[in-house]
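Peer 1: This one is input-v6.cif, mmCIF, C-alpha atoms.
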```cif
data_upload
#
loop_
_atom_site.label_atom_id
_atom_site.label_comp_id
_atom_site.auth_asym_id
_atom_site.auth_seq_id
_atom_site.Cartn_x
_atom_site.Cartn_y
_atom_site.Cartn_z
CA MET A 1 0.00 0.00 0.00
CA THR A 2 1.39 3.40 -0.98
CA LYS A 3 0.83 6.79 0.59
CA ALA A 4 -1.65 7.59 -2.20
CA ASP A 5 -3.59 4.41 -1.35
CA VAL A 6 -3.71 5.42 2.31
CA ILE A 7 -4.96 8.89 1.37
CA ASN A 8 -7.66 7.42 -0.88
CA GLU A 9 -8.82 4.98 1.79
CA ILE A 10 -8.99 7.65 4.49
CA SER A 11 -10.91 9.90 2.11
CA ASP A 12 -13.37 7.12 1.26
CA LYS A 13 -13.93 6.17 4.93
CA THR A 14 -14.33 9.72 6.23
CA GLY A 15 -15.86 11.54 3.28
CA ILE A 16 -13.19 14.24 3.55
CA ASP A 17 -11.80 15.64 0.29
CA LYS A 18 -8.62 13.88 -0.89
CA SER A 19 -6.64 17.11 -1.05
CA ASP A 20 -7.49 17.87 2.61
CA VAL A 21 -6.50 14.34 3.63
CA GLN A 22 -3.23 14.67 1.69
CA VAL A 23 -2.37 17.91 3.48
CA THR A 24 -3.12 16.27 6.84
CA VAL A 25 -1.06 13.15 6.11
CA GLU A 26 1.87 15.23 4.86
CA ALA A 27 1.66 17.41 7.98
CA PHE A 28 1.64 14.28 10.18
CA PHE A 29 4.81 12.95 8.53
CA SER A 30 6.43 16.37 8.76
CA VAL A 31 5.72 16.61 12.49
CA ILE A 32 7.13 13.10 13.04
CA LYS A 33 10.33 13.85 11.08
CA ASN A 34 10.92 17.28 12.63
CA SER A 35 10.24 16.12 16.19
CA MET A 36 12.53 13.13 15.86
CA ALA A 37 15.26 15.31 14.32
CA GLN A 38 15.07 17.44 17.48
CA GLY A 39 15.55 14.34 19.65
CA GLU A 40 11.93 13.86 20.67
CA ASN A 41 10.25 10.47 20.64
CA ILE A 42 6.59 10.17 19.63
CA TYR A 43 4.21 7.85 21.44
CA VAL A 44 0.82 7.07 19.88
CA ARG A 45 -1.26 5.05 22.35
CA GLY A 46 -2.64 1.87 20.80
CA PHE A 47 -0.45 2.23 17.70
CA GLY A 48 3.23 2.43 18.63
CA SER A 49 6.26 4.58 19.27
CA PHE A 50 8.58 6.40 16.90
CA ILE A 51 11.91 6.44 18.72
CA ASN A 52 15.53 7.39 18.08
CA LYS A 53 17.91 4.51 18.74
CA LYS A 54 21.52 5.23 19.56
CA ARG A 55 24.14 3.23 17.70
CA ALA A 56 27.53 2.98 19.38
CA GLN A 57 30.81 3.84 17.68
CA LYS A 58 32.27 0.87 15.84
CA ILE A 59 35.05 -0.09 13.51
CA ALA A 60 33.98 -1.41 10.12
CA ARG A 61 36.02 -2.81 7.28
CA ASN A 62 36.19 -1.63 3.69
CA ILE A 63 36.91 -5.01 2.15
CA SER A 64 37.72 -3.65 -1.31
CA LYS A 65 40.59 -1.51 0.06
CA ASN A 66 41.25 -3.68 3.14
CA THR A 67 41.12 -0.70 5.47
CA ALA A 68 39.41 -0.01 8.77
CA ILE A 69 36.79 2.72 8.98
CA VAL A 70 35.55 4.27 12.21
CA ILE A 71 31.79 4.80 12.23
CA GLU A 72 30.96 7.39 14.87
CA GLU A 73 28.06 6.92 17.25
CA HIS A 74 24.81 8.06 15.70
CA TYR A 75 21.03 7.80 15.95
CA VAL A 76 18.67 5.92 13.65
CA PRO A 77 14.88 6.25 13.58
CA SER A 78 12.92 3.22 14.70
CA PHE A 79 9.29 2.19 15.14
CA LYS A 80 8.12 -0.03 17.96
CA PRO A 81 4.51 -1.23 17.61
CA SER A 82 2.25 -1.25 20.66
CA LYS A 83 1.13 -4.55 22.17
CA ILE A 84 -2.38 -4.02 20.75
CA PHE A 85 -1.00 -3.41 17.24
CA ALA A 86 1.38 -6.38 17.39
CA GLU A 87 -1.37 -8.67 18.70
CA LYS A 88 -3.71 -7.62 15.88
CA ILE A 89 -1.05 -8.58 13.32
CA LYS A 90 -0.30 -11.89 15.05
CA SER A 91 -3.96 -12.88 15.13
CA SER A 92 -4.76 -11.72 11.58
CA LYS A 93 -6.48 -14.43 9.57
CA ASP A 94 -5.64 -12.69 6.29
CA LEU A 95 -1.90 -13.06 6.91
CA LYS A 96 -2.23 -16.74 7.77
CA LYS A 97 -3.74 -17.40 4.34
CA ALA A 98 -0.76 -15.91 2.52
#
```
Mind converting the file's structure to structure tokens?

Peer 2:
Amino acid sequence: MTKADVINEISDKTGIDKSDVQVTVEAFFSVIKNSMAQGENIYVRGFGSFINKKRAQKIARNISKNTAIVIEEHYVPSFKPSKIFAEKIKSSKDLKKA
């Protein structure tokens, strides 16, 4: 499912114009990205958490040049689904058919 599919489905279910739904969805993603870039985590009860995970400094190898590269510590965005969300996926009959 693409972002356009999500926008169409929300529009169909709510009766709200697609352009208004698109603006809202884009604003939602923008808030998530900007907040996480500022170091804030986002918790949506019943859905999940958008969190920044810290990766420690490590030494990696460039095998083509046979050299060591130091990768500094950094943060990566991550999503952790809520228990309700995870349980819904686990008990989905549609996924068991596939």

Peer 1: Rank A:Ile42, A:Met1, A:Ala37, A:Ala68 by their smallest atom-to-atom distance to A:Lys80, using all atoms listed in the file, and report the top residue only.

Peer 2: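 Looking at the shortest contact to A:Lys80, the residue is A:Ile42.
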
Peer 1: I'd like to know which of A:Lys58, A:His74, A:Lys3, A:Lys93 is closest to A:Gln22, using only C-alpha atoms.

Peer 2: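 Of all the options, A:Lys3 lies closest to A:Gln22.
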
Peer 1: Which polymer residues, whether protein, DNA or RNA, lie within 9 Å of the coordinate (11.3, 2.3, 17.1) when you count all atoms listed in the file? List them as a list of chain:residue names, using the chain letters and numbers from the file.

Peer 2: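 Those within range, by chain then number, are A:Asn41, A:Gly48, A:Ser49, A:Phe50, A:Ile51, A:Asn52, A:Lys53, A:Val76, A:Pro77, A:Ser78, A:Phe79, A:Lys80, A:Pro81.
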
Peer 1: Keeping only C-alpha atoms, write those residues as a short mmCIF file (atom, residue, chain, number, x, y, z; two decimals), in the coordinates of the input.

Peer 2:
```
data_model
loop_
_atom_site.label_atom_id
_atom_site.label_comp_id
_atom_site.auth_asym_id
_atom_site.auth_seq_id
_atom_site.Cartn_x
_atom_site.Cartn_y
_atom_site.Cartn_z
CA ASN A 41 10.25 10.47 20.64
CA GLY A 48 3.23 2.43 18.63
CA SER A 49 6.26 4.58 19.27
CA PHE A 50 8.58 6.40 16.90
CA ILE A 51 11.91 6.44 18.72
CA ASN A 52 15.53 7.39 18.08
CA LYS A 53 17.91 4.51 18.74
CA VAL A 76 18.67 5.92 13.65
CA PRO A 77 14.88 6.25 13.58
CA SER A 78 12.92 3.22 14.70
CA PHE A 79 9.29 2.19 15.14
CA LYS A 80 8.12 -0.03 17.96
CA PRO A 81 4.51 -1.23 17.61
#
```

Peer 1: Name the residues that the PyMOL selection byres ((chain A and resi 24-30) around 12) picks from the file above, as a list in words, using the file's chain letters and numbers.

Peer 2: Lys3, Ala4, Asp5, Val6, Ile7, Asn8, Ile10, Ser11, Ile16, Asp17, Lys18, Ser19, Asp20, Val21, Gln22, Val23, Val31, Ile32, Lys33, Asn34, Ser35, Met36, Ala37, Ile42 and Phe50 of chain A

Peer 1: Taking only C-alpha atoms into account, which of A:Ile63, A:Phe47, A:Lys13, A:Glu40 comes nearest A:Lys83?

Peer 2: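 Nearest to A:Lys83: A:Phe47.
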
Peer 1: At what distance in Å, to one decimal, does atom CA of A:Lys54 lie from atom CA of A:Ile71?

Peer 2: 12.6 Å

Peer 1: Would you mind exporting stretch 50-82 of chain A with N, CA, C and O atoms, as an mmCIF file, in the first residue's frame?

Peer 2:
```
data_model
loop_
_atom_site.group_PDB
_atom_site.id
_atom_site.type_symbol
_atom_site.label_atom_id
_atom_site.label_comp_id
_atom_site.auth_asym_id
_atom_site.auth_seq_id
_atom_site.Cartn_x
_atom_site.Cartn_y
_atom_site.Cartn_z
ATOM 1 N N PHE A 50 7.506 6.022 17.809
ATOM 2 C CA PHE A 50 8.580 6.396 16.897
ATOM 3 C C PHE A 50 9.717 6.867 17.794
ATOM 4 O O PHE A 50 9.573 7.869 18.501
ATOM 5 N N ILE A 51 10.829 6.134 17.791
ATOM 6 C CA ILE A 51 11.910 6.442 18.718
ATOM 7 C C ILE A 51 13.241 6.542 17.978
ATOM 8 O O ILE A 51 13.411 5.975 16.898
ATOM 9 N N ASN A 52 14.162 7.298 18.576
ATOM 10 C CA ASN A 52 15.532 7.393 18.076
ATOM 11 C C ASN A 52 16.371 6.380 18.839
ATOM 12 O O ASN A 52 16.407 6.404 20.064
ATOM 13 N N LYS A 53 17.020 5.482 18.109
ATOM 14 C CA LYS A 53 17.906 4.506 18.744
ATOM 15 C C LYS A 53 19.344 4.934 18.542
ATOM 16 O O LYS A 53 19.734 5.324 17.450
ATOM 17 N N LYS A 54 20.109 4.840 19.614
ATOM 18 C CA LYS A 54 21.516 5.234 19.562
ATOM 19 C C LYS A 54 22.353 4.035 19.129
ATOM 20 O O LYS A 54 22.221 2.943 19.662
ATOM 21 N N ARG A 55 23.196 4.249 18.154
ATOM 22 C CA ARG A 55 24.141 3.235 17.696
ATOM 23 C C ARG A 55 25.524 3.630 18.196
ATOM 24 O O ARG A 55 25.963 4.767 18.005
ATOM 25 N N ALA A 56 26.212 2.707 18.817
ATOM 26 C CA ALA A 56 27.535 2.981 19.380
ATOM 27 C C ALA A 56 28.580 3.104 18.271
ATOM 28 O O ALA A 56 28.374 2.638 17.150
ATOM 29 N N GLN A 57 29.682 3.737 18.618
ATOM 30 C CA GLN A 57 30.809 3.840 17.680
ATOM 31 C C GLN A 57 31.342 2.440 17.409
ATOM 32 O O GLN A 57 31.379 1.592 18.307
ATOM 33 N N LYS A 58 31.716 2.189 16.163
ATOM 34 C CA LYS A 58 32.268 0.873 15.839
ATOM 35 C C LYS A 58 33.287 1.000 14.722
ATOM 36 O O LYS A 58 33.364 2.011 14.024
ATOM 37 N N ILE A 59 34.060 -0.040 14.574
ATOM 38 C CA ILE A 59 35.053 -0.095 13.510
ATOM 39 C C ILE A 59 34.532 -1.065 12.457
ATOM 40 O O ILE A 59 34.210 -2.212 12.758
ATOM 41 N N ALA A 60 34.452 -0.589 11.239
ATOM 42 C CA ALA A 60 33.983 -1.407 10.122
ATOM 43 C C ALA A 60 35.146 -1.614 9.160
ATOM 44 O O ALA A 60 36.159 -0.936 9.235
ATOM 45 N N ARG A 61 34.977 -2.527 8.252
ATOM 46 C CA ARG A 61 36.024 -2.815 7.281
ATOM 47 C C ARG A 61 35.551 -2.495 5.878
ATOM 48 O O ARG A 61 34.449 -2.837 5.491
ATOM 49 N N ASN A 62 36.400 -1.821 5.123
ATOM 50 C CA ASN A 62 36.186 -1.627 3.695
ATOM 51 C C ASN A 62 36.955 -2.763 3.016
ATOM 52 O O ASN A 62 38.170 -2.704 2.874
ATOM 53 N N ILE A 63 36.228 -3.809 2.630
ATOM 54 C CA ILE A 63 36.914 -5.014 2.148
ATOM 55 C C ILE A 63 37.576 -4.815 0.788
ATOM 56 O O ILE A 63 38.532 -5.506 0.462
ATOM 57 N N SER A 64 37.094 -3.867 -0.004
ATOM 58 C CA SER A 64 37.718 -3.645 -1.307
ATOM 59 C C SER A 64 39.104 -3.006 -1.172
ATOM 60 O O SER A 64 40.005 -3.277 -1.955
ATOM 61 N N LYS A 65 39.293 -2.162 -0.166
ATOM 62 C CA LYS A 65 40.592 -1.510 0.058
ATOM 63 C C LYS A 65 41.345 -2.118 1.240
ATOM 64 O O LYS A 65 42.463 -1.725 1.530
ATOM 65 N N ASN A 66 40.677 -3.040 1.967
ATOM 66 C CA ASN A 66 41.253 -3.684 3.135
ATOM 67 C C ASN A 66 41.714 -2.663 4.174
ATOM 68 O O ASN A 66 42.837 -2.712 4.677
ATOM 69 N N THR A 67 40.822 -1.720 4.471
ATOM 70 C CA THR A 67 41.120 -0.699 5.465
ATOM 71 C C THR A 67 40.030 -0.681 6.523
ATOM 72 O O THR A 67 38.900 -1.114 6.290
ATOM 73 N N ALA A 68 40.375 -0.156 7.678
ATOM 74 C CA ALA A 68 39.407 -0.011 8.765
ATOM 75 C C ALA A 68 38.792 1.380 8.717
ATOM 76 O O ALA A 68 39.485 2.368 8.437
ATOM 77 N N ILE A 69 37.508 1.448 8.965
ATOM 78 C CA ILE A 69 36.787 2.719 8.976
ATOM 79 C C ILE A 69 36.101 2.857 10.330
ATOM 80 O O ILE A 69 35.459 1.913 10.797
ATOM 81 N N VAL A 70 36.223 4.015 10.942
ATOM 82 C CA VAL A 70 35.547 4.270 12.207
ATOM 83 C C VAL A 70 34.200 4.900 11.900
ATOM 84 O O VAL A 70 34.121 5.943 11.248
ATOM 85 N N ILE A 71 33.141 4.248 12.360
ATOM 86 C CA ILE A 71 31.787 4.804 12.226
ATOM 87 C C ILE A 71 31.431 5.388 13.580
ATOM 88 O O ILE A 71 31.353 4.662 14.577
ATOM 89 N N GLU A 72 31.260 6.692 13.619
ATOM 90 C CA GLU A 72 30.962 7.391 14.875
ATOM 91 C C GLU A 72 29.592 6.972 15.400
ATOM 92 O O GLU A 72 28.742 6.476 14.657
ATOM 93 N N GLU A 73 29.374 7.212 16.689
ATOM 94 C CA GLU A 73 28.058 6.916 17.246
ATOM 95 C C GLU A 73 27.034 7.836 16.587
ATOM 96 O O GLU A 73 27.327 8.986 16.251
ATOM 97 N N HIS A 74 25.844 7.296 16.380
ATOM 98 C CA HIS A 74 24.811 8.063 15.699
ATOM 99 C C HIS A 74 23.435 7.517 16.086
ATOM 100 O O HIS A 74 23.331 6.486 16.763
ATOM 101 N N TYR A 75 22.404 8.198 15.661
ATOM 102 C CA TYR A 75 21.033 7.795 15.952
ATOM 103 C C TYR A 75 20.349 7.363 14.665
ATOM 104 O O TYR A 75 20.598 7.918 13.593
ATOM 105 N N VAL A 76 19.473 6.377 14.785
ATOM 106 C CA VAL A 76 18.669 5.924 13.655
ATOM 107 C C VAL A 76 17.210 5.907 14.104
ATOM 108 O O VAL A 76 16.901 5.572 15.246
ATOM 109 N N PRO A 77 16.289 6.284 13.208
ATOM 110 C CA PRO A 77 14.879 6.247 13.579
ATOM 111 C C PRO A 77 14.381 4.807 13.629
ATOM 112 O O PRO A 77 14.843 3.943 12.873
ATOM 113 N N SER A 78 13.455 4.563 14.533
ATOM 114 C CA SER A 78 12.918 3.216 14.696
ATOM 115 C C SER A 78 11.442 3.319 15.078
ATOM 116 O O SER A 78 11.001 4.320 15.643
ATOM 117 N N PHE A 79 10.698 2.263 14.758
ATOM 118 C CA PHE A 79 9.287 2.192 15.137
ATOM 119 C C PHE A 79 9.078 0.942 15.963
ATOM 120 O O PHE A 79 9.519 -0.147 15.588
ATOM 121 N N LYS A 80 8.431 1.103 17.109
ATOM 122 C CA LYS A 80 8.116 -0.034 17.959
ATOM 123 C C LYS A 80 6.595 -0.098 18.083
ATOM 124 O O LYS A 80 5.976 0.800 18.653
ATOM 125 N N PRO A 81 5.963 -1.147 17.537
ATOM 126 C CA PRO A 81 4.507 -1.229 17.608
ATOM 127 C C PRO A 81 4.029 -1.491 19.040
ATOM 128 O O PRO A 81 4.735 -2.119 19.828
ATOM 129 N N SER A 82 2.821 -1.011 19.341
ATOM 130 C CA SER A 82 2.248 -1.254 20.657
ATOM 131 C C SER A 82 1.826 -2.713 20.760
ATOM 132 O O SER A 82 1.730 -3.434 19.753
#
```
